[in-house]
Structure formats: C-alpha cells, structure tokens
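target.cif (mmCIF, C-alpha atoms)
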data_target
loop_
_atom_site.label_atom_id
_atom_site.label_comp_id
_atom_site.auth_asym_id
_atom_site.auth_seq_id
_atom_site.Cartn_x
_atom_site.Cartn_y
_atom_site.Cartn_z
CA MET A 15 63.95 74.70 -36.80
CA ASP A 16 67.52 75.34 -35.67
CA ILE A 17 68.54 78.97 -34.83
CA PRO A 18 72.30 79.76 -35.38
CA ARG A 19 74.19 81.22 -32.36
CA PRO A 20 76.44 84.27 -32.78
CA SER A 21 80.20 83.36 -32.91
CA ASN A 22 82.48 84.70 -30.01
CA ALA A 23 85.82 83.57 -31.51
CA ASP A 24 86.89 87.12 -32.27
CA ALA A 25 86.23 88.23 -28.70
CA LYS A 26 88.28 85.37 -27.28
CA ARG A 27 91.15 86.10 -29.63
CA LYS A 28 91.20 89.74 -28.64
CA LYS A 29 91.15 88.80 -24.97
CA ARG A 30 94.13 86.48 -25.40
CA ILE A 31 96.10 89.19 -27.23
CA ALA A 32 95.34 91.69 -24.48
CA LEU A 33 96.46 89.26 -21.77
CA ALA A 34 99.65 88.50 -23.68
CA ALA A 35 100.41 92.21 -24.07
CA VAL A 36 99.85 92.84 -20.36
CA ALA A 37 102.09 89.89 -19.48
CA LEU A 38 104.81 91.14 -21.82
CA VAL A 39 104.67 94.65 -20.36
CA PHE A 40 104.85 93.18 -16.85
CA ILE A 41 107.89 91.02 -17.69
CA VAL A 42 109.70 93.98 -19.29
CA ALA A 43 108.93 96.17 -16.30
CA VAL A 44 110.15 93.53 -13.86
CA THR A 45 113.33 92.99 -15.90
CA ILE A 46 114.12 96.70 -15.99
CA GLY A 47 113.46 97.03 -12.29
CA VAL A 48 115.64 94.09 -11.40
CA SER A 49 118.46 95.36 -13.64
CA ARG A 50 118.39 98.71 -11.86
CA LEU A 51 118.61 97.18 -8.41
CA LYS A 52 122.06 97.68 -6.79
CA PRO A 53 123.78 94.51 -5.59
CA ALA A 54 123.65 93.94 -1.89
CA ALA A 55 126.64 95.40 -0.01
CA PRO A 56 129.20 92.67 0.76
CA SER A 57 129.55 91.69 4.37
CA VAL A 58 132.91 92.17 6.14
CA GLU A 59 133.78 90.98 9.62
CA ARG A 60 134.47 94.07 11.74
CA GLY A 61 137.36 92.50 13.60
CA THR A 62 139.31 91.79 10.41
CA VAL A 63 139.70 95.41 9.29
CA TRP A 64 141.97 98.10 10.64
CA THR A 65 140.49 101.56 11.00
CA ASP A 66 141.76 104.96 12.09
CA THR A 67 140.35 108.41 12.78
CA VAL A 68 141.37 111.46 10.74
CA LYS A 69 143.16 113.97 12.98
CA ARG A 70 144.66 117.43 12.68
CA GLY A 71 148.02 118.28 14.19
CA SER A 72 151.74 117.75 13.70
CA ILE A 73 153.45 114.69 12.25
CA LEU A 74 157.12 113.85 11.84
CA ARG A 75 157.89 112.68 8.33
CA GLN A 76 160.14 109.65 8.38
CA VAL A 77 161.35 106.93 6.06
CA ARG A 78 162.50 103.50 7.11
CA GLY A 79 164.91 101.03 5.65
CA LEU A 80 166.55 97.73 6.47
CA GLY A 81 170.30 97.33 6.37
CA THR A 82 173.48 96.18 8.06
CA LEU A 83 176.35 97.62 10.04
CA VAL A 84 179.51 97.93 7.96
CA PRO A 85 182.99 99.19 8.89
CA VAL A 86 183.78 102.78 8.00
CA GLU A 87 187.29 101.77 6.96
CA ILE A 88 187.82 98.50 5.12
CA ARG A 89 191.19 97.58 3.65
CA TRP A 90 191.45 94.94 0.97
CA ILE A 91 195.03 93.71 0.61
CA PRO A 92 195.84 92.80 -3.02
CA ALA A 93 198.71 90.72 -4.36
CA GLU A 94 201.54 92.88 -5.72
CA THR A 95 202.98 90.21 -8.01
CA GLU A 96 202.21 86.74 -9.23
CA ALA A 97 203.03 84.40 -6.35
CA ARG A 98 202.16 81.21 -4.48
CA VAL A 99 200.59 81.14 -1.02
CA GLU A 100 203.11 79.39 1.24
CA ARG A 101 201.64 79.95 4.69
CA ILE A 102 198.64 81.60 6.34
CA ARG A 103 199.70 82.82 9.76
CA VAL A 104 196.47 84.53 10.97
CA LEU A 105 192.88 83.29 10.66
CA ALA A 106 189.77 85.36 10.08
CA GLY A 107 188.35 86.96 13.22
CA THR A 108 191.75 87.60 14.80
CA PRO A 109 192.65 91.14 15.96
CA VAL A 110 195.69 92.42 14.08
CA LYS A 111 198.10 95.36 14.17
CA ALA A 112 199.26 97.32 11.16
CA ASP A 113 202.53 95.35 10.96
CA THR A 114 201.01 91.92 11.65
CA ILE A 115 202.05 89.40 8.97
CA ILE A 116 198.89 87.67 7.79
CA MET A 117 200.40 85.30 5.24
CA GLU A 118 203.61 84.54 3.40
CA LEU A 119 203.92 84.26 -0.38
CA SER A 120 206.78 83.02 -2.54
CA ASN A 121 208.05 84.26 -5.90
CA PRO A 122 211.72 83.51 -6.77
CA GLN A 123 211.52 85.86 -9.76
CA ALA A 124 210.55 88.80 -7.53
CA GLU A 125 213.58 88.17 -5.32
CA GLN A 126 215.91 87.96 -8.33
CA GLU A 127 214.48 91.15 -9.84
CA MET A 128 215.00 92.95 -6.51
CA VAL A 129 218.65 91.85 -6.33
CA ASP A 130 219.29 92.84 -9.96
CA ALA A 131 217.68 96.24 -9.45
CA GLU A 132 219.78 96.94 -6.36
CA TRP A 133 223.03 95.96 -8.15
CA GLN A 134 222.14 98.17 -11.10
CA LEU A 135 221.49 101.04 -8.69
CA ARG A 136 224.88 100.55 -7.00
CA ALA A 137 226.63 100.47 -10.37
CA ALA A 138 224.90 103.67 -11.46
CA GLU A 139 225.79 105.39 -8.18
CA ALA A 140 229.45 104.37 -8.68
CA GLU A 141 229.37 105.72 -12.24
CA LEU A 142 227.89 108.96 -10.92
CA LYS A 143 230.73 109.33 -8.43
CA ASN A 144 233.35 108.59 -11.10
CA ALA A 145 231.77 111.07 -13.48
CA ARG A 146 231.65 113.73 -10.78
CA VAL A 147 235.31 113.18 -9.89
CA LYS A 148 236.36 113.25 -13.57
CA VAL A 149 234.50 116.40 -14.57
CA GLU A 150 235.46 118.19 -11.38
CA GLY A 151 239.12 117.20 -11.97
CA ASP A 152 239.01 118.46 -15.53
CA LEU A 153 237.43 121.68 -14.37
CA MET A 154 240.09 122.13 -11.69
CA THR A 155 242.86 121.55 -14.25
CA GLN A 156 241.30 124.13 -16.50
CA LYS A 157 240.99 126.57 -13.62
CA ALA A 158 244.66 126.02 -12.78
CA GLY A 159 245.64 126.84 -16.37
CA ALA A 160 243.41 129.89 -16.29
CA ALA A 161 245.06 131.00 -13.04
CA THR A 162 248.51 130.78 -14.71
CA VAL A 163 247.28 132.88 -17.64
CA SER A 164 245.76 135.36 -15.20
CA ALA A 165 249.05 135.67 -13.33
CA ASP A 166 250.97 136.16 -16.57
CA TYR A 167 248.49 138.79 -17.66
CA ASN A 168 248.82 140.71 -14.42
CA ASN A 169 252.64 140.60 -14.66
CA ALA A 170 252.52 141.79 -18.28
CA LYS A 171 250.14 144.56 -17.33
CA ARG A 172 252.44 145.81 -14.56
CA GLN A 173 255.45 145.56 -16.85
CA ALA A 174 253.64 147.57 -19.51
CA GLU A 175 252.84 150.27 -16.97
CA ILE A 176 256.51 150.40 -15.84
CA ASP A 177 257.79 150.52 -19.40
CA SER A 178 255.36 153.34 -20.16
CA GLU A 179 256.83 155.43 -17.35
CA LEU A 180 260.39 154.56 -18.38
CA ALA A 181 259.64 155.50 -21.98
CA LYS A 182 258.46 158.90 -20.83
CA LEU A 183 261.82 159.37 -19.08
CA GLY A 184 263.67 158.17 -22.16
CA VAL A 185 265.20 155.21 -20.42
CA ILE A 186 263.81 152.69 -22.93
CA SER A 187 262.95 152.96 -26.56
CA GLY A 188 259.46 153.21 -28.02
CA GLN A 189 259.92 149.81 -29.65
CA ALA A 190 260.46 148.14 -26.26
CA LEU A 191 257.27 149.85 -24.97
CA LYS A 192 255.23 148.56 -27.91
CA THR A 193 256.56 145.04 -27.31
CA SER A 194 255.55 145.22 -23.65
CA GLU A 195 252.08 146.58 -24.47
CA GLY A 196 251.53 143.90 -27.16
CA LYS A 197 252.34 141.15 -24.70
CA GLU A 198 249.82 142.69 -22.26
CA HIS A 199 247.07 142.72 -24.90
CA GLU A 200 247.81 139.10 -25.86
CA LEU A 201 247.62 137.87 -22.28
CA ALA A 202 244.47 139.93 -21.67
CA THR A 203 242.76 138.17 -24.56
CA ARG A 204 243.93 134.74 -23.34
CA HIS A 205 242.71 135.60 -19.83
CA GLU A 206 239.24 136.51 -21.16
CA ILE A 207 239.07 133.33 -23.25
CA GLU A 208 240.05 131.13 -20.29
CA GLN A 209 237.38 132.72 -18.10
CA LYS A 210 234.70 132.04 -20.73
CA ARG A 211 235.91 128.43 -21.10
CA ILE A 212 235.61 127.96 -17.34
CA GLU A 213 232.09 129.39 -17.40
CA ILE A 214 231.02 127.15 -20.31
CA ASN A 215 232.61 124.03 -18.83
CA SER A 216 230.97 124.69 -15.48
CA GLU A 217 227.57 124.68 -17.17
CA ALA A 218 228.54 121.53 -19.09
CA VAL A 219 229.48 119.84 -15.83
CA GLY A 220 225.98 120.53 -14.51
CA SER A 221 224.36 119.04 -17.64
CA GLN A 222 226.55 115.93 -17.57
CA MET A 223 225.87 115.37 -13.88
CA ALA A 224 222.11 115.90 -14.40
CA VAL A 225 222.03 113.04 -16.93
CA GLN A 226 223.83 110.71 -14.54
CA GLN A 227 221.67 111.79 -11.61
CA ALA A 228 218.49 111.14 -13.62
CA ARG A 229 219.75 107.65 -14.43
CA VAL A 230 220.47 107.01 -10.74
CA ALA A 231 217.04 108.34 -9.74
CA GLU A 232 215.37 106.03 -12.28
CA LEU A 233 217.24 102.98 -11.04
CA ARG A 234 216.60 103.95 -7.40
CA ALA A 235 212.85 104.12 -8.08
CA MET A 236 212.98 100.74 -9.82
CA ALA A 237 214.94 99.25 -6.91
CA GLN A 238 212.41 100.62 -4.44
CA LEU A 239 209.57 99.12 -6.49
CA ARG A 240 211.28 95.73 -6.64
CA ARG A 241 212.00 95.91 -2.90
CA LYS A 242 208.34 96.82 -2.23
CA GLN A 243 207.15 93.88 -4.34
CA TYR A 244 209.51 91.54 -2.54
CA ASP A 245 208.48 92.83 0.89
CA ALA A 246 204.82 92.43 -0.16
CA LEU A 247 205.38 88.68 -0.27
CA LYS A 248 204.96 88.98 3.50
CA VAL A 249 201.39 90.24 3.54
CA ARG A 250 200.80 92.69 6.40
CA ALA A 251 197.52 94.04 7.77
CA GLY A 252 198.33 97.70 7.11
CA ILE A 253 195.88 99.00 9.75
CA ASP A 254 194.90 98.08 13.28
CA GLY A 255 191.66 96.12 13.29
CA VAL A 256 190.21 92.65 12.82
CA LEU A 257 191.00 90.26 10.00
CA GLN A 258 187.59 89.64 8.47
CA GLU A 259 188.29 87.44 5.49
CA VAL A 260 191.08 85.40 3.89
CA PRO A 261 189.70 84.26 0.50
CA VAL A 262 192.80 82.24 -0.53
CA GLN A 263 194.26 78.89 0.52
CA VAL A 264 197.75 77.53 1.05
CA GLY A 265 199.25 76.37 -2.23
CA GLN A 266 197.05 78.62 -4.35
CA ARG A 267 198.69 80.71 -7.08
CA VAL A 268 197.57 84.32 -7.21
CA THR A 269 197.95 87.01 -9.86
CA PRO A 270 198.58 90.74 -9.35
CA GLY A 271 195.45 92.41 -7.99
CA THR A 272 193.99 89.26 -6.40
CA ASN A 273 192.43 90.08 -3.01
CA LEU A 274 194.34 88.21 -0.32
CA ALA A 275 192.68 89.48 2.87
CA ARG A 276 190.22 92.03 4.24
CA VAL A 277 190.90 93.99 7.41
CA ALA A 278 188.35 96.29 9.08
CA GLN A 279 188.11 98.38 12.21
CA PRO A 280 185.09 96.97 14.11
CA GLU A 281 184.90 99.85 16.56
CA MET A 282 184.20 102.29 13.71
CA LEU A 283 180.94 101.22 12.05
CA LYS A 284 178.26 102.87 9.97
CA ALA A 285 174.77 101.75 9.02
CA GLU A 286 174.13 100.95 5.36
CA LEU A 287 170.37 101.15 4.79
CA LYS A 288 168.30 100.12 1.76
CA VAL A 289 165.46 102.62 1.35
CA PRO A 290 162.70 102.12 -1.28
CA GLU A 291 163.34 104.42 -4.23
CA THR A 292 159.86 106.00 -3.92
CA GLN A 293 160.69 107.19 -0.39
CA ALA A 294 164.31 108.23 -0.90
CA LYS A 295 163.79 111.40 -2.95
CA ASP A 296 163.60 113.69 0.10
CA ILE A 297 166.62 112.27 1.96
CA GLN A 298 169.40 114.82 2.41
CA ILE A 299 172.88 114.60 3.91
CA GLY A 300 172.89 115.62 7.58
CA GLN A 301 169.32 114.57 8.39
CA PRO A 302 169.02 112.85 11.80
CA ALA A 303 168.45 109.13 11.96
CA SER A 304 168.10 106.35 14.51
CA ILE A 305 169.40 102.80 14.08
CA ASP A 306 167.78 99.89 15.91
CA THR A 307 170.34 97.11 16.44
CA HIS A 308 167.74 94.95 18.25
CA ASN A 309 169.94 95.43 21.31
CA GLY A 310 169.62 99.18 21.57
CA VAL A 311 168.95 102.27 19.46
CA ILE A 312 171.83 104.42 18.19
CA ASN A 313 171.49 108.00 17.00
CA GLY A 314 173.18 109.09 13.81
CA SER A 315 172.98 111.29 10.73
CA VAL A 316 172.90 110.71 6.98
CA MET A 317 176.44 110.88 5.58
CA ARG A 318 175.91 109.64 2.00
CA VAL A 319 173.08 108.94 -0.44
CA ASP A 320 173.89 106.64 -3.34
CA PRO A 321 172.90 108.37 -6.61
CA ALA A 322 172.11 105.01 -8.25
CA VAL A 323 169.08 102.76 -7.74
CA GLN A 324 169.63 99.02 -7.36
CA ASN A 325 166.78 96.51 -7.24
CA GLY A 326 164.28 99.26 -6.44
CA THR A 327 166.21 100.63 -3.44
CA VAL A 328 168.65 103.45 -2.73
CA THR A 329 171.63 102.86 -0.43
CA VAL A 330 171.90 105.41 2.38
CA ASP A 331 174.92 105.50 4.72
CA VAL A 332 174.28 106.69 8.28
CA GLN A 333 177.12 107.87 10.50
CA LEU A 334 176.67 106.67 14.09
CA THR A 335 177.14 109.35 16.75
CA ASP A 336 176.40 107.27 19.87
CA ALA A 337 178.46 104.52 21.42
CA LEU A 338 177.83 101.07 19.97
CA PRO A 339 175.82 98.70 22.16
CA LYS A 340 177.15 95.31 23.15
CA GLY A 341 177.00 92.77 20.38
CA ALA A 342 177.29 95.35 17.59
CA ARG A 343 179.57 93.97 14.91
CA PRO A 344 180.01 94.18 11.12
CA ASP A 345 177.19 92.67 9.01
CA LEU A 346 174.70 92.88 11.91
CA SER A 347 171.14 93.39 10.58
CA VAL A 348 169.57 96.68 11.69
CA ASP A 349 166.43 98.76 11.13
CA GLY A 350 166.93 102.44 10.36
CA THR A 351 164.59 105.42 10.54
CA ILE A 352 165.48 108.78 8.96
CA ASN A 353 163.69 111.98 10.03
CA LEU A 354 162.82 114.13 7.00
CA GLU A 355 160.78 117.08 8.31
CA GLN A 356 158.16 118.20 10.86
CA LEU A 357 154.71 118.96 9.41
CA SER A 358 152.53 121.30 11.49
CA ASN A 359 148.73 121.80 11.47
CA VAL A 360 147.98 119.20 8.82
CA LEU A 361 145.11 116.76 8.39
CA TYR A 362 146.44 113.22 8.61
CA VAL A 363 145.53 109.61 9.21
CA GLY A 364 147.36 106.36 9.72
CA ARG A 365 149.19 105.19 6.62
CA PRO A 366 146.94 102.81 4.63
CA ALA A 367 148.09 99.51 3.22
CA PHE A 368 147.56 100.85 -0.29
CA GLY A 369 148.25 104.08 -2.16
CA GLN A 370 151.37 106.19 -2.49
CA GLU A 371 151.90 109.77 -1.39
CA LYS A 372 150.61 112.54 -3.65
CA SER A 373 147.98 110.33 -5.27
CA THR A 374 144.21 109.86 -5.21
CA VAL A 375 142.80 106.56 -3.89
CA GLY A 376 139.43 105.13 -2.93
CA MET A 377 138.99 104.58 0.80
CA PHE A 378 136.01 103.25 2.79
CA LYS A 379 134.68 105.88 5.21
CA LEU A 380 132.66 104.47 8.10
CA ASP A 381 129.04 105.47 8.54
CA PRO A 382 128.14 107.43 11.69
CA ASP A 383 126.56 104.29 13.19
CA GLY A 384 129.66 102.24 12.38
CA LYS A 385 127.61 99.45 10.77
CA GLY A 386 128.86 100.06 7.25
CA ALA A 387 131.21 102.09 5.12
CA SER A 388 131.07 103.90 1.78
CA ARG A 389 133.88 104.38 -0.70
CA VAL A 390 135.13 107.97 -1.09
CA GLN A 391 137.93 109.41 -3.20
CA VAL A 392 140.73 110.72 -0.99
CA GLU A 393 143.63 112.91 -2.12
CA LEU A 394 146.84 111.96 -0.31
CA GLY A 395 149.80 114.28 0.36
CA ARG A 396 153.15 113.72 1.98
CA SER A 397 153.69 110.49 3.85
CA SER A 398 155.64 109.21 6.83
CA VAL A 399 156.33 105.76 8.20
CA THR A 400 153.04 105.48 10.10
CA ALA A 401 150.94 108.43 8.85
CA ILE A 402 150.00 110.21 5.65
CA GLU A 403 148.73 113.73 4.95
CA ILE A 404 145.12 114.20 3.75
CA LEU A 405 144.63 116.95 1.17
CA GLY A 406 140.99 116.33 0.29
CA GLY A 407 138.04 113.91 0.51
CA LEU A 408 137.99 113.59 4.32
CA LYS A 409 137.56 115.85 7.31
CA GLU A 410 138.71 115.75 10.89
CA GLY A 411 136.93 113.08 12.88
CA ASP A 412 136.11 110.81 9.93
CA GLN A 413 136.89 107.14 10.41
CA VAL A 414 138.37 105.21 7.49
CA VAL A 415 139.48 101.67 6.77
CA LEU A 416 143.26 101.37 6.35
CA SER A 417 143.37 97.63 5.64
CA ASP A 418 143.87 96.23 2.16
CA MET A 419 140.37 96.21 0.62
CA SER A 420 141.34 95.05 -2.86
CA ARG A 421 138.92 92.11 -2.52
CA TRP A 422 136.07 94.60 -2.58
CA GLU A 423 137.51 97.03 -5.13
CA LYS A 424 134.30 96.90 -7.20
CA ALA A 425 132.00 97.57 -4.23
CA ASP A 426 130.97 101.10 -3.30
CA ARG A 427 129.68 100.03 0.10
CA ILE A 428 130.37 97.36 2.66
CA ARG A 429 128.56 96.36 5.82
CA PHE A 430 130.11 95.07 9.00
CA ASP A 431 128.99 91.94 10.75
#

Step by step, read the file and then write its structure as structure tokens.
Amino acid sequence: MDIPRPSNADAKRKKRIALAAVALVFIVAVTIGVSRLKPAAPSVERGTVWTDTVKRGSILRQVRGLGTLVPVEIRWIPAETEARVERIRVLAGTPVKADTIIMELSNPQAEQEMVDAEWQLRAAEAELKNARVKVEGDLMTQKAGAATVSADYNNAKRQAEIDSELAKLGVISGQALKTSEGKEHELATRHEIEQKRIEINSEAVGSQMAVQQARVAELRAMAQLRRKQYDALKVRAGIDGVLQEVPVQVGQRVTPGTNLARVAQPEMLKAELKVPETQAKDIQIGQPASIDTHNGVINGSVMRVDPAVQNGTVTVDVQLTDALPKGARPDLSVDGTINLEQLSNVLYVGRPAFGQEKSTVGMFKLDPDGKGASRVQVELGRSSVTAIEILGGLKEGDQVVLSDMSRWEKADRIRFD
C-alpha cells in the first residue's frame, strides 16, 4: 500500500520569493550607494600649474597698454584749389624747413583769378583816390564860399555898429541905419546857413568815403585770397620737421581739401596707448606713466584720455618727460604702464588668469600637504597689472592656483601628480 508524501512546493516558492526580495534590496542599496559616491578627483601635473601665496602689504595699482609713438605736432597740408601735380621736389623721410617747397602744382585758372583780383583792387583804389579828391575839392569850394559870406557878414556887422553911432549923433538918417542893420541880419542868416551846409557836407564826405573804402577792403581781401591760392600751388612744409608722407603722384589731379603731404616734428613725440576699457575707468590726467621703447624706458604722465571706446579699448596719450632714447621714431611700437594708486595694508595675491576685479570667482586653494587643492569662492577687489586685492575667501599664507583651470570647472577638488 502506497503512502502519499507531504508536498513542499509552497515552501520552495516562499524561499524563492524571499531570495528574490533580498537580491532586489541588495541591488537597490548598491545602486544608491554608488550614486552617492563622489567622482574621483582629477589628476593634474604639478609642474603645469602656476601658484602663488596670499600676502598682506602694499601694492601699486597699475594698468598696461600697447601703443605707438606719435608726433605731438602733425601738419597735414591740403590743396587750396583744384590743381594738377607737376613736380614733387622732396621725398618722404627728408628733413624740411618751414619754407621748404615740397611740390609744385599748376592751375592756370588760379593765376588768372589772381591777376583779375589785383587789377580790380587797383581800379577800386584809383576810384577811391578820385572820389576823395572830388569830395574834398567840393568841400573846399563850399568852405571858400562860406568864408566870403563870413567876411561880408563881419563887414556888415561893423558897418551897422558905425551907423548906429552916427545915427545917435544925427549924422545919418534912421532909414540909412535900418538899411545897414537889415543887411547885417541877412548876412548873419547866410553865414549860419553856410556853416550848417559845411557841417552836413563834411558828414556826407565821410559816408561817401566809407562806401568806397569798404569796396576797396573787399577787393583787397579777395586779392589776398587769390594770391594765397596761387602761392599755395608751391606747397611748402609750414613747420620745421620731417616729411613723413606724400600720398599723391606726379600728374595726379587734386581737389580742394585733398591731403598733399604730412610733416611732423620727430623730436617731439608722445605715446598713444590702447588700454582695455575695463581697466581704463580709473585713469586720470596727470598720473605718472612709464613707456618701454624696447631700447630704454621713458617716464611720462597722462595728458589725455579719449572719452570714446573703440574696439574694446580706450586711447590714452602720455606726454614724455625724459629724453628719447636712440632709435625712437614715429610709429615705433611701445609698451606703457600707468600708475593709478598705492594700496597699503591689503591682502593680495598674484593676478589670476581668470576673473575681473570686484567679482567673485572660484579658485583652487592648496591643501596643507600640497598634494591636492579644493575649490573656494574668493571675492576679488581692486586689481593691478600683476596683483589683485583679496576681500574675502582667503587668508594670509594660503596658496592658490592662478593658472587657467577652466578644464576642471566642474571639479571641486584636484590632486597633483
């Protein structure tokens, strides 16, 4: 007789479920643990990074810019009239005097206009002389007539006085006295009228002469202008210096205002620096500067700051106070450094390759053992050419990485090999 065995299927199924649950819990735990693990710190070769130590003390704020030496006085010589270049007598690079003729131009019309203007001036001057002679002659004639009337009046006045005395003595009749007095009154009136006519005509003479004189002055100014335009056909340097450029050629026709030549004084130069706009805000006129010509350093001071920004830079002119070294000439490339201010008792470090002044940046601070570095947030202050002020995030004696660490911008730590 067969005896049935008890079934263990339920027990096996429960065991498998329990094992599966344990395995699932283990996998979840491992996954969570792995996800919470921090990535390994990237490795950086120690010799490829630049580090510096945070210090406390004084720093000289400076800004630097590249530029060129340019003449203080530059004279562009424009064409006065439309003309044709006939001859170039001096080539660029030649020393010139103020009266040196650089080139000769031709313009027959300018010569003709000069001659016409001078003849018109002479004719007007002759008319002025004739007018002066005529009006002065008329005035003299009138004065002569007035003098005759004045003499007659004086004679009549004396006669009237004599007749008055004779009438009192009964020598002459009253009728004769009245006739004498009437003649005196008539001549007195004529004398007064003649004097007023002389006064009025004298003023009229001045007005008539003023019109003629104004006409002569106008024609004289025109003649001077035409003479100046004609003389300008012989182009002169105008100042002592060096002829730097002649941008025209023989046979070329030029219009008024066309630049014919440029003359500069090479012994009087200034430095024209291009300073980044972010560093130019604190530059003031009069601040000391030094200019490196690559053949010597020249001291100077800021004489002008361009108010406009061009291509991200501000133009700063520096007046040179020292003698120029040998080889200094216009358009020579130079490096300029401008001293802004002296900062005392400040925390500072070498200027990093990243980050602007008055900003907050992440910097790697070295561990005490120097085998690694951790990223810290550092508040930067005022900057100079080689140093920058530290306002927060670091203390004196800390060592930081100044190199460009943008490759590891997502890492909070690095280790050095």

Excluding same-chain residues fewer than 3 positions from range 103-114 of chain A, what lies within 9 Å of it counting only C-alpha atoms, as number ranges by chain?
A: 117-118, 249-260, 275-277

For the atom pair CA of Arg146 in chain A and CA of Val230 in chain A, what is the interatomic distance in Å to one decimal place?
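CA of Val230 in chain A lies at a distance of 13.0 Å from CA of Arg146 in chain A.
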
Taking into account all atoms listed in the file, which residue in the set A:Thr62, A:Thr327, A:Gln227, A:Asn121 is nearest to Ala138 in chain A?
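Closest to Ala138 in chain A of all the choices is A:Gln227.
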
Go through A:His308, A:Arg343, A:Lys197, A:Lys29 and flag the residue nearest Tyr167 in chain A, using all atoms listed in the file for the distances.
A:Lys197

Expanded to explicit residues, what is the PyMOL selection byres ((chain A and resi 337) around 12) for this file, as a list in words?
Glu281, Met282, Leu283, Lys284, Ile305, Gly310, Val311, Ile312, Asn313, Gly314, Gln333, Leu334, Thr335, Asp336, Leu338, Pro339, Lys340, Gly341 and Ala342 of chain A

Can you tell me, as JSON, numbers by chain, what residues are no more than 12 Å from range 231-234 of chain A when counting all atoms listed in the file, ignoring any on the same chain fewer than 6 positions away?
{"A": [128, 130, 131, 132, 133, 134, 135, 136, 137, 138, 139, 142, 224, 225, 240, 241]}

Any idea what the distance is between CA of Ala170 in chain A and CA of Gly151 in chain A?
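Straight-line distance from CA of Ala170 in chain A to CA of Gly151 in chain A works out to 28.7 Å.
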
On this file, the PyMOL selection byres ((chain A and resi 289) around 9) gives some set of residues; write that set as an mmCIF file with C-alpha atoms, in the coordinates of the input.
data_model
loop_
_atom_site.group_PDB
_atom_site.id
_atom_site.type_symbol
_atom_site.label_atom_id
_atom_site.label_comp_id
_atom_site.auth_asym_id
_atom_site.auth_seq_id
_atom_site.Cartn_x
_atom_site.Cartn_y
_atom_site.Cartn_z
ATOM 1 C CA VAL A 77 161.350 106.930 6.060
ATOM 2 C CA ARG A 78 162.500 103.500 7.110
ATOM 3 C CA GLY A 79 164.910 101.030 5.650
ATOM 4 C CA LEU A 80 166.550 97.730 6.470
ATOM 5 C CA GLY A 81 170.300 97.330 6.370
ATOM 6 C CA LEU A 287 170.370 101.150 4.790
ATOM 7 C CA LYS A 288 168.300 100.120 1.760
ATOM 8 C CA PRO A 290 162.700 102.120 -1.280
ATOM 9 C CA GLU A 291 163.340 104.420 -4.230
ATOM 10 C CA THR A 292 159.860 106.000 -3.920
ATOM 11 C CA GLN A 293 160.690 107.190 -0.390
ATOM 12 C CA ALA A 294 164.310 108.230 -0.900
ATOM 13 C CA GLY A 326 164.280 99.260 -6.440
ATOM 14 C CA THR A 327 166.210 100.630 -3.440
ATOM 15 C CA VAL A 328 168.650 103.450 -2.730
ATOM 16 C CA THR A 329 171.630 102.860 -0.430
ATOM 17 C CA VAL A 330 171.900 105.410 2.380
#

Could you check the closest approach to Ser178 in chain A for each of A:Ser164, A:Gln263, A:Ser194, A:Gln413 and tell me which residue wins, using all atoms listed in the file?
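Result for the nearest residue to Ser178 in chain A: A:Ser194.
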
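Going from CA of Val348 in chain A over to CA of Thr400 in chain A, you cover 18.8 Å.
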
Run the PyMOL selection byres ((chain A and resi 381) around 12) against the file shown and list the residues it catches, as a count of residues only.
21

Between A:Gly350, A:Gly265, A:Gly407, A:Gly369, which is the closest to Thr307 in chain A once you count only C-alpha atoms?
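Comparing A:Gly350, A:Gly265, A:Gly407, A:Gly369 against Thr307 in chain A, the winner is A:Gly350.
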
Range 167-172 of chain A rebuilt with all heavy atoms, output as a tab-separated table (two decimals), in the coordinates of the input:
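File produced: rebuild22.tsv:
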chain	number	residue	atom	x	y	z
A	167	TYR	N	249.14	137.55	-17.18
A	167	TYR	CA	248.49	138.79	-17.66
A	167	TYR	C	248.73	139.93	-16.69
A	167	TYR	O	249.07	141.07	-17.09
A	167	TYR	CB	246.99	138.55	-17.85
A	167	TYR	CG	246.19	139.82	-17.96
A	167	TYR	CD1	246.33	140.67	-19.05
A	167	TYR	CD2	245.30	140.20	-16.95
A	167	TYR	CE1	245.62	141.85	-19.14
A	167	TYR	CE2	244.58	141.36	-17.04
A	167	TYR	CZ	244.74	142.19	-18.13
A	167	TYR	OH	244.04	143.36	-18.21
A	168	ASN	N	248.60	139.65	-15.41
A	168	ASN	CA	248.82	140.71	-14.42
A	168	ASN	C	250.28	141.19	-14.44
A	168	ASN	O	250.55	142.40	-14.32
A	168	ASN	CB	248.45	140.20	-13.03
A	168	ASN	CG	246.95	140.02	-12.87
A	168	ASN	OD1	246.15	140.73	-13.49
A	168	ASN	ND2	246.53	139.05	-12.04
A	169	ASN	N	251.23	140.22	-14.59
A	169	ASN	CA	252.64	140.60	-14.66
A	169	ASN	C	252.90	141.46	-15.90
A	169	ASN	O	253.64	142.47	-15.86
A	169	ASN	CB	253.53	139.36	-14.70
A	169	ASN	CG	253.52	138.62	-13.36
A	169	ASN	OD1	253.28	139.25	-12.32
A	169	ASN	ND2	253.79	137.32	-13.37
A	170	ALA	N	252.33	141.03	-17.04
A	170	ALA	CA	252.52	141.79	-18.28
A	170	ALA	C	251.92	143.17	-18.17
A	170	ALA	O	252.46	144.16	-18.70
A	170	ALA	CB	251.91	141.02	-19.45
A	171	LYS	N	250.79	143.27	-17.49
A	171	LYS	CA	250.14	144.56	-17.33
A	171	LYS	C	251.00	145.51	-16.49
A	171	LYS	O	251.19	146.69	-16.81
A	171	LYS	CB	248.77	144.36	-16.66
A	171	LYS	CG	247.97	145.63	-16.50
A	171	LYS	CD	246.61	145.34	-15.88
A	171	LYS	CE	245.81	146.62	-15.73
A	171	LYS	NZ	244.48	146.35	-15.09
A	172	ARG	N	251.57	144.98	-15.41
A	172	ARG	CA	252.44	145.81	-14.56
A	172	ARG	C	253.70	146.23	-15.32
A	172	ARG	O	254.18	147.38	-15.23
A	172	ARG	CB	252.80	145.05	-13.30
A	172	ARG	CG	251.66	144.97	-12.28
A	172	ARG	CD	252.16	144.48	-10.93
A	172	ARG	NE	252.69	143.11	-11.01
A	172	ARG	CZ	252.00	142.01	-10.83
A	172	ARG	NH1	250.70	142.14	-10.54
A	172	ARG	NH2	252.56	140.82	-10.92
